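Trainee: Right, I'll just put the structure down here and ask away after.
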Amino acid sequence: MGRYIKKFARVGHSLGPSEERGFALWVGYDIEDRTGDLLKLGLINVDGWPEDELRSRGVTIFTSVAADDAEMREKLGLK
């Protein structure tokens, strides 16, 4: 199993005048039967990263991606 994070860019709207604010959301995944470099899919391998480094990006939990979860694997580009 490999531990990965992926950055999703988002645009949020403020409650004031019509200005927009951009932000990034980091999401963590524990991917069964995958290890190594998946950077071409936007997935950064974080095996061995300290917890404080992950928390600094806002990642506190990891979603499990099972080997037979075809839908999630397709969304991540693993199929």
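Numbering starts fresh at 1 for the residues of each chain in the structure tokens, the chains themselves are lettered A, B, ... in the order given, and ligands are numbered from 1 as they appear.
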Counting only C-alpha atoms, what is within 12 Å of range 42-51 of chain A, bar same-chain residues fewer than 2 positions away, as number ranges by chain?

Mentor: A: 1-9, 26-31, 34-40, 53-62, 75-78

Trainee: Residues of chain A classed as helix (DSSP H, G or I) by DSSP on the backbone are to be reported as a PyMOL selection string.

Mentor: chain A and resi 39-41+51-56+70-75

Trainee: Go ahead and dump the residues you just picked, N, CA and C atoms, as a PDB file, in the first residue's frame.

Mentor:
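Okay, this is what ended up in part_32.pdb:
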```pdb
ATOM      1  N   LEU A  39       3.445  10.588  -9.742  1.00  0.00           N
ATOM      2  CA  LEU A  39       3.395  12.033  -9.928  1.00  0.00           C
ATOM      3  C   LEU A  39       2.733  12.417 -11.247  1.00  0.00           C
ATOM      4  N   LYS A  40       2.871  11.599 -12.278  1.00  0.00           N
ATOM      5  CA  LYS A  40       2.241  11.909 -13.566  1.00  0.00           C
ATOM      6  C   LYS A  40       0.714  11.958 -13.450  1.00  0.00           C
ATOM      7  N   LEU A  41       0.171  11.359 -12.389  1.00  0.00           N
ATOM      8  CA  LEU A  41      -1.270  11.399 -12.121  1.00  0.00           C
ATOM      9  C   LEU A  41      -1.624  12.479 -11.106  1.00  0.00           C
ATOM     10  N   GLU A  51       4.120  13.575  10.291  1.00  0.00           N
ATOM     11  CA  GLU A  51       2.729  14.025  10.445  1.00  0.00           C
ATOM     12  C   GLU A  51       2.603  15.549  10.415  1.00  0.00           C
ATOM     13  N   ASP A  52       3.576  16.268  10.977  1.00  0.00           N
ATOM     14  CA  ASP A  52       3.476  17.728  10.984  1.00  0.00           C
ATOM     15  C   ASP A  52       3.575  18.312   9.573  1.00  0.00           C
ATOM     16  N   GLU A  53       4.321  17.665   8.692  1.00  0.00           N
ATOM     17  CA  GLU A  53       4.405  18.115   7.292  1.00  0.00           C
ATOM     18  C   GLU A  53       3.060  17.919   6.590  1.00  0.00           C
ATOM     19  N   LEU A  54       2.415  16.803   6.855  1.00  0.00           N
ATOM     20  CA  LEU A  54       1.093  16.550   6.258  1.00  0.00           C
ATOM     21  C   LEU A  54       0.055  17.518   6.812  1.00  0.00           C
ATOM     22  N   ARG A  55       0.089  17.745   8.114  1.00  0.00           N
ATOM     23  CA  ARG A  55      -0.856  18.687   8.744  1.00  0.00           C
ATOM     24  C   ARG A  55      -0.675  20.102   8.209  1.00  0.00           C
ATOM     25  N   SER A  56       0.541  20.473   7.868  1.00  0.00           N
ATOM     26  CA  SER A  56       0.773  21.815   7.333  1.00  0.00           C
ATOM     27  C   SER A  56       0.053  22.014   6.001  1.00  0.00           C
ATOM     28  N   ALA A  70     -13.132   0.090  -8.390  1.00  0.00           N
ATOM     29  CA  ALA A  70     -12.937   0.552  -9.768  1.00  0.00           C
ATOM     30  C   ALA A  70     -13.326   2.015  -9.946  1.00  0.00           C
ATOM     31  N   GLU A  71     -14.395   2.455  -9.295  1.00  0.00           N
ATOM     32  CA  GLU A  71     -14.863   3.830  -9.458  1.00  0.00           C
ATOM     33  C   GLU A  71     -13.821   4.833  -8.941  1.00  0.00           C
ATOM     34  N   MET A  72     -13.327   4.626  -7.753  1.00  0.00           N
ATOM     35  CA  MET A  72     -12.340   5.541  -7.177  1.00  0.00           C
ATOM     36  C   MET A  72     -11.040   5.495  -7.971  1.00  0.00           C
ATOM     37  N   ARG A  73     -10.621   4.311  -8.375  1.00  0.00           N
ATOM     38  CA  ARG A  73      -9.389   4.182  -9.153  1.00  0.00           C
ATOM     39  C   ARG A  73      -9.495   4.900 -10.497  1.00  0.00           C
ATOM     40  N   GLU A  74     -10.671   4.863 -11.087  1.00  0.00           N
ATOM     41  CA  GLU A  74     -10.862   5.575 -12.349  1.00  0.00           C
ATOM     42  C   GLU A  74     -10.796   7.089 -12.121  1.00  0.00           C
ATOM     43  N   LYS A  75     -11.396   7.579 -11.032  1.00  0.00           N
ATOM     44  CA  LYS A  75     -11.352   9.004 -10.720  1.00  0.00           C
ATOM     45  C   LYS A  75      -9.920   9.486 -10.507  1.00  0.00           C
TER      46      LYS A  75
END
```

Trainee: So which residues of chain A fall under strand (DSSP E or B) by DSSP, listed as number ranges by chain?

Mentor: A: 2-13, 20-31, 38, 43-45, 62-65
